[in-house]
Each structure stands twice: as structure tokens, then as C-alpha cells.
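Participant: My file is model30.pdb. It has PDB, N, CA and C atoms:
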MODEL        1
ATOM      1  N   MET A 283       4.862  -1.260   6.658
ATOM      2  CA  MET A 283       5.058  -0.929   5.259
ATOM      3  C   MET A 283       6.439  -1.373   4.813
ATOM      4  N   GLU A 284       6.498  -1.817   3.613
ATOM      5  CA  GLU A 284       7.768  -2.247   3.064
ATOM      6  C   GLU A 284       8.588  -1.029   2.650
ATOM      7  N   SER A 285       9.876  -1.088   2.862
ATOM      8  CA  SER A 285      10.856  -0.052   2.511
ATOM      9  C   SER A 285      10.618   1.274   3.225
ATOM     10  N   VAL A 286      10.044   1.228   4.410
ATOM     11  CA  VAL A 286       9.871   2.427   5.224
ATOM     12  C   VAL A 286      10.662   2.224   6.507
ATOM     13  N   ASP A 287      11.561   3.156   6.774
ATOM     14  CA  ASP A 287      12.344   3.090   8.005
ATOM     15  C   ASP A 287      11.756   4.071   9.011
ATOM     16  N   THR A 288      11.520   3.606  10.214
ATOM     17  CA  THR A 288      11.062   4.493  11.281
ATOM     18  C   THR A 288      12.074   4.453  12.413
ATOM     19  N   PHE A 289      12.256   5.593  13.037
ATOM     20  CA  PHE A 289      13.204   5.717  14.127
ATOM     21  C   PHE A 289      12.475   6.404  15.283
ATOM     22  N   VAL A 290      12.121   5.631  16.296
ATOM     23  CA  VAL A 290      11.339   6.147  17.417
ATOM     24  C   VAL A 290      12.223   6.185  18.653
ATOM     25  N   THR A 291      12.360   7.376  19.221
ATOM     26  CA  THR A 291      13.152   7.518  20.444
ATOM     27  C   THR A 291      12.334   7.056  21.654
ATOM     28  N   LEU A 292      13.011   6.846  22.750
ATOM     29  CA  LEU A 292      12.324   6.401  23.960
ATOM     30  C   LEU A 292      11.286   7.425  24.440
ATOM     31  N   PRO A 293      11.604   8.733  24.466
ATOM     32  CA  PRO A 293      10.576   9.689  24.889
ATOM     33  C   PRO A 293       9.370   9.728  23.947
ATOM     34  N   ALA A 294       9.587   9.541  22.654
ATOM     35  CA  ALA A 294       8.486   9.561  21.691
ATOM     36  C   ALA A 294       7.559   8.372  21.880
ATOM     37  N   ALA A 295       8.081   7.291  22.414
ATOM     38  CA  ALA A 295       7.279   6.086  22.618
ATOM     39  C   ALA A 295       6.142   6.325  23.616
ATOM     40  N   ALA A 296       6.257   7.380  24.412
ATOM     41  CA  ALA A 296       5.178   7.708  25.350
ATOM     42  C   ALA A 296       3.956   8.262  24.619
ATOM     43  N   TYR A 297       4.155   8.744  23.391
ATOM     44  CA  TYR A 297       3.068   9.355  22.622
ATOM     45  C   TYR A 297       2.621   8.503  21.439
ATOM     46  N   ILE A 298       3.420   7.505  21.077
ATOM     47  CA  ILE A 298       3.156   6.675  19.906
ATOM     48  C   ILE A 298       3.069   5.220  20.356
ATOM     49  N   ILE A 299       2.069   4.519  19.884
ATOM     50  CA  ILE A 299       1.979   3.090  20.182
ATOM     51  C   ILE A 299       2.985   2.372  19.296
ATOM     52  N   THR A 300       4.003   1.825  19.905
ATOM     53  CA  THR A 300       5.076   1.198  19.139
ATOM     54  C   THR A 300       5.777   0.130  19.956
ATOM     55  N   LYS A 301       6.455  -0.731  19.265
ATOM     56  CA  LYS A 301       7.314  -1.726  19.906
ATOM     57  C   LYS A 301       8.739  -1.602  19.380
ATOM     58  N   SER A 302       8.993  -0.516  18.635
ATOM     59  CA  SER A 302      10.293  -0.382  17.984
ATOM     60  C   SER A 302      11.129   0.769  18.523
ATOM     61  N   GLU A 303      10.765   1.311  19.692
ATOM     62  CA  GLU A 303      11.554   2.411  20.226
ATOM     63  C   GLU A 303      12.940   1.936  20.645
ATOM     64  N   LYS A 304      13.916   2.823  20.450
ATOM     65  CA  LYS A 304      15.297   2.470  20.788
ATOM     66  C   LYS A 304      16.021   3.692  21.331
ATOM     67  N   ALA A 305      16.958   3.450  22.199
ATOM     68  CA  ALA A 305      17.729   4.536  22.790
ATOM     69  C   ALA A 305      18.614   5.219  21.753
ATOM     70  N   ASP A 306      19.033   4.492  20.727
ATOM     71  CA  ASP A 306      19.918   5.059  19.710
ATOM     72  C   ASP A 306      19.179   5.399  18.412
ATOM     73  N   ALA A 307      17.899   5.693  18.503
ATOM     74  CA  ALA A 307      17.087   5.970  17.311
ATOM     75  C   ALA A 307      17.607   7.170  16.530
ATOM     76  N   LEU A 308      18.001   8.232  17.217
ATOM     77  CA  LEU A 308      18.498   9.420  16.511
ATOM     78  C   LEU A 308      19.809   9.136  15.782
ATOM     79  N   GLU A 309      20.686   8.384  16.406
ATOM     80  CA  GLU A 309      21.953   8.033  15.756
ATOM     81  C   GLU A 309      21.701   7.150  14.529
ATOM     82  N   ASN A 310      20.768   6.212  14.650
ATOM     83  CA  ASN A 310      20.434   5.342  13.516
ATOM     84  C   ASN A 310      19.805   6.137  12.379
ATOM     85  N   ALA A 311      18.959   7.095  12.720
ATOM     86  CA  ALA A 311      18.342   7.941  11.695
ATOM     87  C   ALA A 311      19.400   8.770  10.987
ATOM     88  N   GLU A 312      20.342   9.306  11.733
ATOM     89  CA  GLU A 312      21.421  10.096  11.133
ATOM     90  C   GLU A 312      22.243   9.244  10.175
ATOM     91  N   LYS A 313      22.589   8.036  10.582
ATOM     92  CA  LYS A 313      23.364   7.133   9.716
ATOM     93  C   LYS A 313      22.602   6.810   8.435
ATOM     94  N   LYS A 314      21.301   6.569   8.551
ATOM     95  CA  LYS A 314      20.480   6.250   7.381
ATOM     96  C   LYS A 314      20.408   7.440   6.430
ATOM     97  N   LEU A 315      20.231   8.645   6.961
ATOM     98  CA  LEU A 315      20.182   9.838   6.115
ATOM     99  C   LEU A 315      21.508  10.074   5.396
ATOM    100  N   ILE A 316      22.606   9.880   6.096
ATOM    101  CA  ILE A 316      23.923  10.023   5.472
ATOM    102  C   ILE A 316      24.085   9.011   4.353
ATOM    103  N   GLU A 317      23.692   7.782   4.600
ATOM    104  CA  GLU A 317      23.772   6.729   3.579
ATOM    105  C   GLU A 317      22.934   7.090   2.346
ATOM    106  N   LEU A 318      21.712   7.555   2.559
ATOM    107  CA  LEU A 318      20.841   7.927   1.437
ATOM    108  C   LEU A 318      21.412   9.094   0.647
ATOM    109  N   MET A 319      21.962  10.079   1.349
ATOM    110  CA  MET A 319      22.522  11.240   0.660
ATOM    111  C   MET A 319      23.777  10.878  -0.114
ATOM    112  N   GLN A 320      24.589   9.985   0.414
ATOM    113  CA  GLN A 320      25.799   9.569  -0.280
ATOM    114  C   GLN A 320      25.477   8.715  -1.507
ATOM    115  N   ASP A 321      24.406   7.959  -1.457
ATOM    116  CA  ASP A 321      24.035   7.089  -2.571
ATOM    117  C   ASP A 321      23.283   7.813  -3.677
ATOM    118  N   PHE A 322      22.752   8.999  -3.381
ATOM    119  CA  PHE A 322      21.951   9.724  -4.365
ATOM    120  C   PHE A 322      22.829  10.280  -5.475
ATOM    121  N   ASP A 323      22.375  10.151  -6.718
ATOM    122  CA  ASP A 323      23.115  10.646  -7.878
ATOM    123  C   ASP A 323      22.717  12.103  -8.140
ATOM    124  N   TYR A 324      23.403  13.021  -7.485
ATOM    125  CA  TYR A 324      23.063  14.439  -7.591
ATOM    126  C   TYR A 324      23.320  14.991  -8.990
ATOM    127  N   GLU A 325      24.358  14.505  -9.654
ATOM    128  CA  GLU A 325      24.729  15.040 -10.966
ATOM    129  C   GLU A 325      23.742  14.650 -12.059
ATOM    130  N   HIS A 326      23.063  13.536 -11.903
ATOM    131  CA  HIS A 326      22.167  13.057 -12.949
ATOM    132  C   HIS A 326      20.716  12.965 -12.467
ATOM    133  N   GLN A 327      20.326  13.854 -11.566
ATOM    134  CA  GLN A 327      18.968  13.785 -11.036
ATOM    135  C   GLN A 327      17.939  14.348 -12.000
ATOM    136  N   LEU A 328      18.360  15.228 -12.878
ATOM    137  CA  LEU A 328      17.444  15.787 -13.858
ATOM    138  C   LEU A 328      17.649  15.117 -15.201
ATOM    139  N   THR A 329      16.582  14.792 -15.882
ATOM    140  CA  THR A 329      16.689  14.178 -17.194
ATOM    141  C   THR A 329      15.986  15.053 -18.204
ATOM    142  N   LYS A 330      16.450  14.985 -19.434
ATOM    143  CA  LYS A 330      15.796  15.750 -20.516
ATOM    144  C   LYS A 330      14.683  14.914 -21.113
ATOM    145  N   ASN A 331      13.557  15.539 -21.322
ATOM    146  CA  ASN A 331      12.438  14.881 -21.992
ATOM    147  C   ASN A 331      12.376  15.424 -23.410
ATOM    148  N   ASN A 332      12.659  14.564 -24.373
ATOM    149  CA  ASN A 332      12.644  14.996 -25.782
ATOM    150  C   ASN A 332      11.365  14.582 -26.434
TER     151      ASN A 332
ENDMDL
END
Here is the file; what I need is its structure written in the form of C-alpha cells.
Facilitator:
Amino acid sequence: MESVDTFVTLPAAAYIITKSEKADALENAEKKLIELMQDFDYEHQLTKNN
């Protein structure tokens, strides 16, 4: 799928058919979540509908 990030750890690869497992999957997921949270516009997330 386009624009979908998956982070599969080595132990999880035993249960999921994948070719993308990585030893640093949790660290990469954490970095991605931090990036998404920092980029999100919290102050302007709600808009008024007139």
C-alpha cells in the first residue's frame, strides 16, 4: 500500500509472512511517530463550519 509504514520486529516475523523485518524496527517506529507528532498542527486541527 502506498503511504503505509510497517515496522516488523524479528520476533514478529515468526508469525507474519514478511520480507521487511528488521532488528531496529521499534526504534524506526518510534522515530516515525515522533516525526508525525512534531509535524501535526495541533493548534489548528479543528475548523469552524459556517
Participant: Can you translate the PyMOL selection byres ((chain A and resi 288) around 8) into the concrete residues it hits in this file, as a ChimeraX atom specification?
Facilitator: /A:285-287,289-291,302,307,310-311
Participant: Could you tell me how far atom N of Phe322 in chain A lies from atom N of Leu308 in chain A, in Å and to one decimal?
Facilitator: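 Going from atom N of Phe322 in chain A over to atom N of Leu308 in chain A covers 21.2 Å.
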Participant: So what do you get for atom N of Lys301 in chain A versus atom C of Leu318 in chain A, distance-wise?
Facilitator: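 Between atom N of Lys301 in chain A and atom C of Leu318 in chain A the gap works out to 25.8 Å.
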Participant: Do you have the CA of Lys304 in chain A-CA of Met319 in chain A distance handy?
Facilitator: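 Going from CA of Lys304 in chain A over to CA of Met319 in chain A, I get 23.1 Å.
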Participant: Would you please work out which residue, of A:Asp306, A:Glu312, A:Asp323, A:Glu317, is nearest to Leu292 in chain A when using all atoms listed in the file?
Facilitator: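 Under the stated criterion, the closest residue is A:Asp306.
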Participant: Would you mind writing down, as a list of chain:residue names, each residue of chain A that DSSP on the backbone assigns to alpha helix (DSSP H)?
Facilitator: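 In chain A, DSSP puts these residues in alpha helix (DSSP H): A:Ala307, A:Leu308, A:Glu309, A:Asn310, A:Ala311, A:Glu312, A:Lys313, A:Lys314, A:Leu315, A:Ile316, A:Glu317, A:Leu318, A:Met319, A:Gln320, A:Asp321.
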Participant: Would you compute the box with edges along x, y and z of the file around range 289-303 of chain A, including every atom the file lists for it and 4 Å extra on each side, and give its centre and edge lengths in Å to one decimal, as AutoDock Vina command-line options?
Facilitator:
--center_x 7.6 --center_y 4.0 --center_z 19.2 --size_x 19.2 --size_y 19.5 --size_z 20.3
